[in-house]
Structure formats: C-alpha cells, structure tokens
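Read through the structure below, which is laid out as structure tokens, and then see the notes.
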Amino acid sequence: MKLAESTIFLNDVRLYAYHGVLEQERRVGGEYSVSLRVHYNIYKAMESDNVTDTLNYAHLLDIVKREMASPSNLLEHVVARIGKAIFKEYPLAESIDLTLTKLNPPMGADTSGAGVCVHLINDKTL
C-alpha cells in the first residue's frame, strides 16, 4: 500500500482571545474559531499504531491555545505565529492550511465571522 497524502487536523476549535486593532477588542476580547490541516506523512504511524510516530493533534491544540493567548493587532500575525510554532515543533510537517475566524467582528454587519486563511509551506521540506 502506498500513501498518497495525509493530514492531521483540528476543526472549528472555539477559543476566547484578545486580538484586534481596536482597544476594546484587546480589552474585552471575543470568540474565535481555528481550523487547521497539517500535511504530514502518517505512514509510519499507520504501520506501528504508536502515537510517537505521528503528529499529535492534542499537542497541536496546545500550540494553537498558546499562540491564541498572546494578543495581537492582526489575525495575520496570529496565524504566522501558529504556523512558525507548528513547523518548529514538527519539522517534518510539509505544509499547513489554517483558517482563523473572528466570530463577531466589530464591523456593523450581521455576519458569522471574518478572518484569514493561509497555506503555509515548510521551507525545510521543499
């Protein structure tokens, strides 16, 4: 059997954080959603059934929580920090698809969210 592609993912993780350009956003905070897919070869774990042979999604969640806890003006800055931290912890991760959504943005519009999506490639795996 040949593995063509594999990802480890977290879907729609809900967190409260203090990001935003407006002072009130950084003081009061707001609700956010984070979804990510980390492209990572899981073949060894498929064969071994050992958690040490894969990228641990519970640890991914810890990374996301840690970076979300550090306030930033821009969501772009937050996703960059999350990406850098994942690549540092998991140098074999090939790429990351990451979406960060502010669930109630102060825009004066009825919306379910606004945010950023990025596709990051690990320079070490090129």
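In the structure tokens, each chain is lettered A, B, ... as it comes, each chain's residues begin at 1, and ligands are numbered from 1 in order of appearance.
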Exercise. If you count only C-alpha atoms, which residues fall within 10 Å of His119 in chain A, apart from same-chain ones fewer than 3 positions away, as a count of residues only?
Worked result: 9
Residues near Met1 in chain A, anyone? I mean within 12 Å using only C-alpha atoms, not counting same-chain ones fewer than 3 positions away, as a short mmCIF file (atom, residue, chain, number, x, y, z; two decimals) with N, CA and C atoms, in the first residue's frame.
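After the write, around_30.cif holds the following:
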data_model
loop_
_atom_site.label_atom_id
_atom_site.label_comp_id
_atom_site.auth_asym_id
_atom_site.auth_seq_id
_atom_site.Cartn_x
_atom_site.Cartn_y
_atom_site.Cartn_z
N ALA A 4 -0.67 8.32 -0.53
CA ALA A 4 -0.54 9.43 -1.47
C ALA A 4 -0.46 10.77 -0.74
N TYR A 43 2.40 7.55 7.46
CA TYR A 43 2.56 6.15 7.11
C TYR A 43 3.17 5.32 8.25
N MET A 46 0.62 4.54 10.75
CA MET A 46 -0.35 3.58 10.22
C MET A 46 0.14 2.15 10.44
N GLU A 47 1.44 1.96 10.31
CA GLU A 47 2.03 0.63 10.48
C GLU A 47 2.27 0.27 11.94
#
Exercise. Do you know which residues are at most 9 Å from Pro91 in chain A counting only C-alpha atoms, after dropping those on the same chain fewer than 5 positions away, and could you put them as a list of chain:residue names?
Worked result: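 Using only C-alpha atoms, the neighbours found are A:Ile86, A:Asn122, A:Lys124, A:Thr125.
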For this session: Using DSSP on the backbone, list every residue of chain A that comes out as strand (DSSP E), and give them as a VMD selection string.
Result: chain A and resid 7 to 17 30 to 39 95 to 102 114 to 121
Selection file, N, CA and C atoms, as a CSV table (one decimal), in the first residue's frame:
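What ended up in part.csv:
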chain,number,residue,atom,x,y,z
A,7,THR,N,-3.1,14.1,6.3
A,7,THR,CA,-3.2,15.3,7.1
A,7,THR,C,-3.7,15.0,8.5
A,8,ILE,N,-3.2,15.8,9.4
A,8,ILE,CA,-3.7,15.8,10.8
A,8,ILE,C,-4.5,17.1,10.9
A,9,PHE,N,-5.7,17.1,11.5
A,9,PHE,CA,-6.5,18.3,11.5
A,9,PHE,C,-7.2,18.6,12.8
A,10,LEU,N,-7.5,19.8,13.0
A,10,LEU,CA,-8.3,20.3,14.1
A,10,LEU,C,-9.4,21.1,13.4
A,11,ASN,N,-10.7,20.9,13.7
A,11,ASN,CA,-11.7,21.5,13.0
A,11,ASN,C,-12.6,22.4,14.0
A,12,ASP,N,-12.6,23.7,13.7
A,12,ASP,CA,-13.5,24.6,14.3
A,12,ASP,C,-13.3,24.6,15.9
A,13,VAL,N,-12.1,24.8,16.3
A,13,VAL,CA,-11.7,24.9,17.7
A,13,VAL,C,-12.2,26.3,18.1
A,14,ARG,N,-13.0,26.4,19.2
A,14,ARG,CA,-13.6,27.7,19.6
A,14,ARG,C,-12.8,28.1,20.8
A,15,LEU,N,-12.3,29.4,20.7
A,15,LEU,CA,-11.4,29.9,21.8
A,15,LEU,C,-11.8,31.4,22.0
A,16,TYR,N,-11.6,31.9,23.2
A,16,TYR,CA,-11.8,33.3,23.6
A,16,TYR,C,-10.4,33.9,23.6
A,17,ALA,N,-10.3,35.1,22.9
A,17,ALA,CA,-8.9,35.7,22.8
A,17,ALA,C,-9.1,37.2,22.7
A,30,GLY,N,-13.0,38.5,22.4
A,30,GLY,CA,-14.0,38.0,21.6
A,30,GLY,C,-13.8,36.5,21.3
A,31,GLU,N,-14.8,35.9,20.6
A,31,GLU,CA,-14.8,34.5,20.3
A,31,GLU,C,-14.1,34.3,18.9
A,32,TYR,N,-13.4,33.2,18.8
A,32,TYR,CA,-12.6,32.9,17.6
A,32,TYR,C,-12.8,31.4,17.3
A,33,SER,N,-12.7,31.1,16.0
A,33,SER,CA,-12.7,29.7,15.6
A,33,SER,C,-11.4,29.5,14.8
A,34,VAL,N,-10.7,28.4,15.1
A,34,VAL,CA,-9.5,28.0,14.4
A,34,VAL,C,-9.7,26.6,13.8
A,35,SER,N,-9.4,26.5,12.5
A,35,SER,CA,-9.3,25.2,11.8
A,35,SER,C,-8.0,25.1,11.2
A,36,LEU,N,-7.4,23.9,11.2
A,36,LEU,CA,-6.1,23.7,10.6
A,36,LEU,C,-6.0,22.3,10.1
A,37,ARG,N,-5.2,22.2,9.0
A,37,ARG,CA,-4.8,20.9,8.5
A,37,ARG,C,-3.3,20.9,8.3
A,38,VAL,N,-2.7,20.0,8.9
A,38,VAL,CA,-1.2,19.9,8.8
A,38,VAL,C,-0.9,18.7,7.9
A,39,HIS,N,-0.3,19.0,6.8
A,39,HIS,CA,0.1,17.9,5.8
A,39,HIS,C,1.4,17.2,6.4
A,95,SER,N,3.2,21.2,5.1
A,95,SER,CA,2.5,22.4,4.9
A,95,SER,C,1.3,22.5,5.9
A,96,ILE,N,0.7,23.7,6.0
A,96,ILE,CA,-0.4,23.9,6.9
A,96,ILE,C,-1.4,24.7,6.2
A,97,ASP,N,-2.7,24.3,6.3
A,97,ASP,CA,-3.8,25.1,5.8
A,97,ASP,C,-4.5,25.6,7.1
A,98,LEU,N,-4.6,26.9,7.3
A,98,LEU,CA,-5.0,27.4,8.6
A,98,LEU,C,-6.0,28.5,8.4
A,99,THR,N,-7.2,28.4,9.1
A,99,THR,CA,-8.2,29.4,9.0
A,99,THR,C,-8.5,29.9,10.4
A,100,LEU,N,-8.4,31.3,10.6
A,100,LEU,CA,-8.7,31.9,11.8
A,100,LEU,C,-9.9,32.9,11.6
A,101,THR,N,-10.9,32.6,12.3
A,101,THR,CA,-12.2,33.4,12.2
A,101,THR,C,-12.5,34.2,13.4
A,102,LYS,N,-12.7,35.5,13.3
A,102,LYS,CA,-13.3,36.3,14.4
A,102,LYS,C,-14.8,36.2,14.3
A,114,ALA,N,-15.4,36.9,10.3
A,114,ALA,CA,-14.4,37.4,9.3
A,114,ALA,C,-13.0,37.0,9.8
A,115,GLY,N,-12.1,36.8,8.8
A,115,GLY,CA,-10.8,36.3,9.3
A,115,GLY,C,-9.9,36.1,8.1
A,116,VAL,N,-8.9,35.2,8.3
A,116,VAL,CA,-7.9,35.0,7.4
A,116,VAL,C,-7.7,33.4,7.2
A,117,CYS,N,-7.3,33.1,5.9
A,117,CYS,CA,-7.0,31.7,5.6
A,117,CYS,C,-5.6,31.8,5.0
A,118,VAL,N,-4.7,30.8,5.4
A,118,VAL,CA,-3.4,30.8,4.8
A,118,VAL,C,-3.0,29.4,4.4
A,119,HIS,N,-2.1,29.2,3.4
A,119,HIS,CA,-1.5,27.9,3.1
A,119,HIS,C,0.0,28.2,3.3
A,120,LEU,N,0.6,27.6,4.3
A,120,LEU,CA,2.0,27.8,4.6
A,120,LEU,C,2.8,26.6,4.3
A,121,ILE,N,3.9,26.8,3.7
A,121,ILE,CA,4.8,25.7,3.3
A,121,ILE,C,6.1,25.7,4.1
For this session: Apply DSSP to the backbone of this structure and, from chain A, keep only the residues in helix (DSSP H, G or I); write these as an MDAnalysis selection string.
Result: chainID A and resid 23:28 43:48 51:53 57:68 75:89 123:125
Exercise. Between A:Ile63, A:Val51, A:Ala109, A:Met68, which one has atoms that come closest to Glu89 in chain A, using only C-alpha atoms?
Worked result: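 Closest candidate: A:Ile63.
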For this session: State, in Å with one decimal place, the distance from CA of Ala80 in chain A to CA of Lys44 in chain A.
Result: 28.4 Å
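Between CA of Gly20 in chain A and CA of Lys65 in chain A the interatomic distance comes to 16.9 Å.
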